[in-house]
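File shown here: coords-v4.txt, holding compact mmCIF, C-alpha atoms.
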```
# COMPACT_ATOMS: atom_id res chain seq x y z
CA MET A 27 -0.13 27.06 -12.58
CA ASN A 28 -1.32 26.05 -16.02
CA ALA A 29 1.17 25.61 -18.83
CA SER A 30 0.85 25.67 -22.59
CA VAL A 31 1.92 22.78 -24.75
CA SER A 32 3.90 23.68 -27.86
CA ILE A 33 4.34 21.14 -30.64
CA PHE A 34 6.82 21.43 -33.51
CA PHE A 35 6.55 18.82 -36.24
CA ILE A 36 7.81 18.12 -39.76
CA LYS A 37 7.10 15.42 -42.33
CA ARG A 38 9.36 14.07 -45.01
CA GLY A 39 9.25 16.16 -48.15
CA GLU A 40 8.59 19.38 -46.21
CA GLU A 41 11.15 22.16 -45.93
CA HIS A 42 9.92 23.87 -42.76
CA TRP A 43 8.82 22.95 -39.25
CA ARG A 44 5.17 23.53 -38.39
CA TYR A 45 4.04 24.77 -35.00
CA ASN A 46 0.97 24.42 -32.79
CA SER A 47 0.36 25.58 -29.24
CA PHE A 48 -2.39 24.48 -26.83
CA ASP A 49 -3.40 25.77 -23.43
CA GLY A 50 -2.65 23.31 -20.63
CA THR A 51 -6.33 23.03 -19.63
CA TYR A 52 -7.70 22.24 -23.11
CA LEU A 53 -9.93 19.22 -23.61
CA PRO A 54 -12.32 18.17 -26.37
CA PRO A 55 -16.00 19.22 -25.95
CA ASN A 56 -18.11 17.61 -23.20
CA LYS A 57 -15.06 16.67 -21.13
CA LYS A 58 -14.03 18.16 -17.80
CA PRO A 59 -10.93 20.41 -18.01
CA MET A 60 -7.83 19.17 -16.20
CA GLU A 61 -4.63 21.01 -15.38
CA PHE A 62 -1.52 19.85 -17.20
CA ASP A 63 1.78 21.06 -15.72
CA THR A 64 4.35 20.21 -18.37
CA ASP A 65 7.44 18.38 -17.22
CA LEU A 66 10.92 18.11 -18.72
CA ASN A 67 10.67 14.71 -20.36
CA ASN A 68 10.46 13.35 -23.88
CA PRO A 69 7.18 12.78 -25.72
CA VAL A 70 6.64 9.38 -27.35
CA TYR A 71 5.04 8.77 -30.73
CA TYR A 72 2.74 5.81 -30.16
CA ASN A 73 -0.20 4.44 -32.19
CA GLY A 74 -0.33 7.51 -34.41
CA ALA A 75 -0.23 10.12 -31.61
CA PHE A 76 2.26 11.90 -29.37
CA TYR A 77 2.03 11.10 -25.65
CA CYS A 78 3.64 13.08 -22.83
CA LEU A 79 3.59 13.15 -19.03
CA ASP A 80 3.23 16.16 -16.75
CA LEU A 81 4.74 16.82 -13.31
CA ASN A 82 2.05 14.73 -11.61
CA GLY A 83 2.20 11.78 -13.98
CA THR A 84 -0.88 12.90 -15.93
CA LEU A 85 -0.89 11.68 -19.52
CA GLY A 86 -1.55 14.05 -22.43
CA VAL A 87 -2.15 13.05 -26.05
CA PHE A 88 -1.53 15.16 -29.16
CA LYS A 89 -3.06 13.88 -32.40
CA GLN A 90 -3.07 15.06 -35.99
CA GLU A 91 -5.33 13.45 -38.57
CA ASN A 92 -5.04 15.23 -41.90
CA ASP A 93 -5.76 18.86 -40.95
CA ASN A 94 -7.53 18.02 -37.68
CA ILE A 95 -5.36 18.60 -34.61
CA SER A 96 -6.39 17.76 -31.06
CA TRP A 97 -4.92 17.86 -27.56
CA GLU A 98 -6.44 15.72 -24.80
CA VAL A 99 -5.56 15.14 -21.16
CA LEU A 100 -6.52 11.59 -20.20
CA ALA A 101 -8.31 11.16 -16.88
CA ILE A 102 -6.11 8.32 -15.61
CA VAL A 103 -5.85 7.78 -11.86
CA THR A 104 -2.30 8.12 -10.55
CA PRO A 105 -0.96 4.64 -9.73
CA HIS A 106 -1.37 3.54 -6.10
CA ASN A 107 1.38 4.63 -3.69
CA CYS A 108 2.79 7.12 -6.23
CA GLU A 109 1.33 10.24 -4.63
CA PHE A 110 4.54 12.28 -4.97
CA ILE A 111 6.26 11.73 -8.30
CA TYR A 112 9.71 13.30 -8.43
CA LYS A 113 10.56 12.25 -11.99
CA SER A 114 8.77 10.49 -14.83
CA TYR A 115 9.68 9.05 -18.20
CA LEU A 116 7.75 7.57 -21.13
CA VAL A 117 9.06 4.81 -23.39
CA GLU A 118 7.63 2.36 -25.91
CA CYS A 119 8.55 -1.28 -25.40
CA GLU A 120 7.41 -4.10 -27.68
CA GLY A 121 4.39 -2.12 -28.88
CA LYS A 122 3.39 -1.11 -25.34
CA LEU A 123 3.56 2.36 -23.80
CA LEU A 124 5.40 2.31 -20.47
CA CYS A 125 5.95 4.98 -17.85
CA VAL A 126 8.83 4.93 -15.37
CA LEU A 127 8.07 6.83 -12.16
CA LEU A 128 10.60 7.82 -9.48
CA GLY A 129 10.23 9.11 -5.96
CA HIS A 130 12.51 11.71 -4.35
CA LEU A 131 16.18 10.79 -4.91
CA GLY A 132 14.89 7.69 -6.67
CA LYS A 133 13.97 6.08 -3.35
CA TRP A 134 11.31 4.12 -5.23
CA VAL A 135 11.12 3.15 -8.89
CA ARG A 136 7.98 1.75 -10.48
CA VAL A 137 7.09 0.83 -14.05
CA PHE A 138 3.57 0.84 -15.50
CA ARG A 139 2.03 -0.18 -18.82
CA LEU A 140 -0.85 1.71 -20.38
CA ASN A 141 -3.96 -0.41 -20.92
CA CYS A 142 -5.45 1.49 -23.86
CA THR A 143 -8.76 -0.39 -23.73
CA GLN A 144 -9.59 0.53 -20.12
CA THR A 145 -7.33 3.63 -20.01
CA VAL A 146 -5.59 2.57 -16.81
CA TRP A 147 -1.99 2.00 -15.73
CA VAL A 148 -1.01 -1.62 -15.03
CA GLU A 149 2.12 -2.20 -12.98
CA VAL A 150 5.00 -4.05 -14.61
CA LYS A 151 7.15 -6.07 -12.23
CA ASP A 152 9.47 -7.65 -14.78
CA LEU A 153 10.81 -6.42 -18.12
CA GLY A 154 11.92 -9.90 -19.15
CA ARG A 155 14.76 -9.76 -21.66
CA HIS A 156 14.33 -6.03 -22.16
CA MET A 157 16.26 -3.07 -20.82
CA LEU A 158 15.15 0.57 -20.65
CA CYS A 159 17.38 3.62 -21.14
CA VAL A 160 15.65 6.83 -19.99
CA SER A 161 16.52 10.53 -19.99
CA ASN A 162 14.83 13.92 -20.33
CA THR A 163 15.40 14.06 -24.08
CA SER A 164 15.07 10.45 -25.20
CA SER A 165 14.00 7.11 -23.77
CA ILE A 166 14.42 3.81 -25.58
CA SER A 167 13.87 0.11 -24.95
CA ALA A 168 15.79 -2.79 -26.39
CA VAL A 169 16.35 -6.49 -26.01
CA ALA A 170 19.41 -6.70 -23.79
CA PRO A 171 22.50 -7.83 -25.72
CA VAL A 172 23.68 -9.85 -22.71
CA SER A 173 21.73 -11.42 -19.86
CA GLU A 174 23.44 -9.18 -17.29
CA MET A 175 21.63 -6.16 -18.78
CA GLU A 176 18.13 -7.69 -18.76
CA ASN A 177 15.32 -6.31 -16.56
CA LYS A 178 17.20 -3.10 -15.81
CA ILE A 179 16.60 0.64 -16.21
CA TYR A 180 19.59 2.80 -17.15
CA PHE A 181 19.64 6.46 -16.10
CA PRO A 182 21.65 9.50 -17.27
CA ARG A 183 23.57 9.48 -13.98
CA LEU A 184 27.10 8.50 -13.03
CA HIS A 185 28.45 6.90 -9.89
CA LYS A 186 32.09 7.91 -10.18
CA ASP A 187 32.70 6.91 -13.82
CA GLY A 188 30.08 4.17 -14.05
CA ILE A 189 26.59 4.51 -15.58
CA LEU A 190 23.88 4.11 -12.95
CA PHE A 191 21.10 1.58 -13.41
CA TYR A 192 18.22 0.19 -11.39
CA SER A 193 17.63 -3.55 -11.28
CA LEU A 194 14.04 -4.76 -11.01
CA ASP A 195 15.45 -8.07 -9.81
CA THR A 196 17.25 -6.66 -6.77
CA GLY A 197 15.22 -3.48 -6.23
CA MET A 198 18.53 -1.63 -5.88
CA TYR A 199 20.76 0.76 -7.81
CA HIS A 200 24.04 -0.49 -9.24
CA CYS A 201 26.54 0.89 -11.73
CA VAL A 202 28.35 -0.40 -14.77
CA GLY A 203 31.87 -1.56 -14.04
CA ASN A 204 31.49 -1.66 -10.25
CA THR A 205 29.94 -4.87 -8.99
CA SER A 206 30.29 -3.77 -5.36
CA HIS A 207 28.06 -0.70 -5.67
CA SER A 208 24.52 -1.25 -4.37
CA ALA A 209 22.23 1.48 -3.05
CA LYS A 210 18.56 2.12 -2.26
CA ASP A 211 18.59 5.58 -3.89
CA TYR A 212 20.76 7.60 -6.24
CA ARG A 213 22.28 10.06 -3.78
CA ASP A 214 26.02 10.57 -4.28
CA THR A 215 25.61 10.28 -8.06
CA LYS A 216 25.87 12.97 -10.72
CA ALA A 217 23.15 13.72 -13.27
CA LYS A 218 24.09 14.26 -16.91
CA LEU A 219 21.52 16.88 -17.86
CA HIS A 220 22.34 17.34 -21.54
CA CYS A 221 22.53 13.83 -22.91
CA SER A 222 20.41 11.45 -24.98
CA TRP A 223 20.24 7.73 -25.57
CA ILE A 224 20.65 6.75 -29.24
CA GLU A 225 19.92 3.37 -30.79
CA PRO A 226 21.53 3.27 -34.27
CA ASN A 227 19.85 1.44 -37.13
CA TRP A 228 22.61 0.53 -39.55
CA SER A 229 20.19 -1.19 -41.97
CA GLU A 230 18.77 2.14 -43.18
CA THR A 231 21.68 4.43 -43.98
CA SER A 232 21.31 5.11 -47.70
CA ASP A 233 21.77 8.67 -48.97
CA GLN A 234 18.13 8.72 -50.12
CA PHE A 235 16.91 7.72 -46.65
CA LEU A 236 18.90 10.54 -45.04
CA ASP A 237 17.72 13.17 -47.54
CA TRP A 238 14.18 13.98 -46.38
CA LEU A 239 13.52 16.58 -49.03
CA SER A 240 14.08 14.12 -51.88
CA ILE A 241 11.52 11.59 -50.60
```
Show the structure stored in the file as structure tokens.
Amino acid sequence: MNASVSIFFIKRGEEHWRYNSFDGTYLPPNKKPMEFDTDLNNPVYYNGAFYCLDLNGTLGVFKQENDNISWEVLAIVTPHNCEFIYKSYLVECEGKLLCVLLGHLGKWVRVFRLNCTQTVWVEVKDLGRHMLCVSNTSSISAVAPVSEMENKIYFPRLHKDGILFYSLDTGMYHCVGNTSHSAKDYRDTKAKLHCSWIEPNWSETSDQFLDWLSI
């Protein structure tokens, strides 16, 4: 079933949101139409465009240049051994666009980086000093404040009262505050459906910065 893509956007100095809607099969001229079944995950603004993933891990790009607006579905082959994608997230990390793909019940977790030159996904085995925090509404990356948080992906799920995370070092799920918890999937955990990750920037909190209409 094809789905439409609706985009709401606003720029500083404007008083109202603007709206555009595109059919899920739209592509620029001379390109083969592809289905795009929208998923419940956050778009990412990257290199001057909005990127989003569909249910099958297909990548869509929404661009606006002056008054020219375009919607394109990129013909990227689904990464190997990711035939059935249960959940997907997009996040920017150090100037790179990453996707986090999960199998059913999170039985497998894989991270890929978009190679914009060749338009292919390249698997990422190690995040280095970085950590990822993903959810349906927002996904962020950051340099881990302590080494224990490096190379890990944090999810909007709880094991008892501890936040669930996946370690790329161990290939297992663990939770904050419980060093004994270790699992191959996230069964017996609870999803927090209406939550977002927020990374505050205390260096830009002036009244003028917060007042869009005065800029």
Next on the checklist: Give me the residues near Lys133 (chain A) as a list in words, where near means some atom within 9 Å (using only C-alpha atoms) and where sequence neighbours in that chain fewer than 6 positions away do not count.
Outcome noted: Lys210, Asp211 and Tyr212 of chain A
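The space separating CA of Val160 (chain A) from CA of Phe181 (chain A) comes to 5.6 Å.
Between CA of Val126 (chain A) and CA of Cys159 (chain A) the interatomic distance comes to 10.4 Å.
The gap separating CA of Trp147 (chain A) from CA of Tyr112 (chain A) is 17.8 Å, in Å to one decimal.
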Item to check | Given all atoms listed in the file as the counted atoms, nearest of A:Asn204, A:Asn92, A:Asn67, A:Ser114 to Asn162 (chain A) | outcome: A:Asn67
Item to check | Long-range neighbours of Leu127 (chain A) as a PyMOL selection string, 12 Å cut-off, all atoms listed in the file, 6 positions minimum in chain | outcome: chain A and resi 67+79-84+104-117+133-139+147+149-150+160+179
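Using only C-alpha atoms for every distance, the candidate list A:Trp97, A:Tyr180, A:Trp223, A:Phe191 yields A:Trp97 as the residue closest to Cys78 (chain A).
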Checklist entry - Counting all atoms listed in the file, what is within 10 Å of Arg213 (chain A), bar same-chain residues fewer than 5 positions away, as a count of residues only? => result 5
Env of Ala168 (chain A): 10 Å cut, atoms = all atoms listed in the file, seq-sep filter 5 positions within chain, self excluded. Answer as a CSV table (one decimal) with C-alpha atoms, in the frame of the given file.
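Everything below was put into selection_36.csv:
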```
chain,number,residue,atom,x,y,z
A,118,GLU,CA,7.6,2.4,-25.9
A,119,CYS,CA,8.6,-1.3,-25.4
A,120,GLU,CA,7.4,-4.1,-27.7
A,155,ARG,CA,14.8,-9.8,-21.7
A,156,HIS,CA,14.3,-6.0,-22.2
A,157,MET,CA,16.3,-3.1,-20.8
A,158,LEU,CA,15.2,0.6,-20.6
A,159,CYS,CA,17.4,3.6,-21.1
A,176,GLU,CA,18.1,-7.7,-18.8
A,225,GLU,CA,19.9,3.4,-30.8
```
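For the point (24.0, 10.7, -21.5) in file coordinates, the residues within 10 Å, using all atoms listed in the file, are A:Cys159, A:Val160, A:Ser161, A:Asn162, A:Thr163, A:Ser164, A:Phe181, A:Pro182, A:Arg183, A:Leu184, A:Ile189, A:Ala217, A:Lys218, A:Leu219, A:His220, A:Cys221, A:Ser222, A:Trp223, A:Ile224.
Restricting the calculation to all atoms listed in the file, the smallest distance between Tyr192 (chain A) and any of A:Asn177, A:Asn73, A:Ser165, A:Ser206 is found for A:Asn177.
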Checklist entry - Restricting the calculation to all atoms listed in the file, which member of A:Leu153, A:Ala209, A:Ala170, A:Val87 is positioned closest to Asp195 (chain A)? => result A:Leu153
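Taking only C-alpha atoms into account, Met198 (chain A) lies nearest to A:Lys178 out of the set A:Tyr77, A:Leu85, A:Lys178, A:Asp93.
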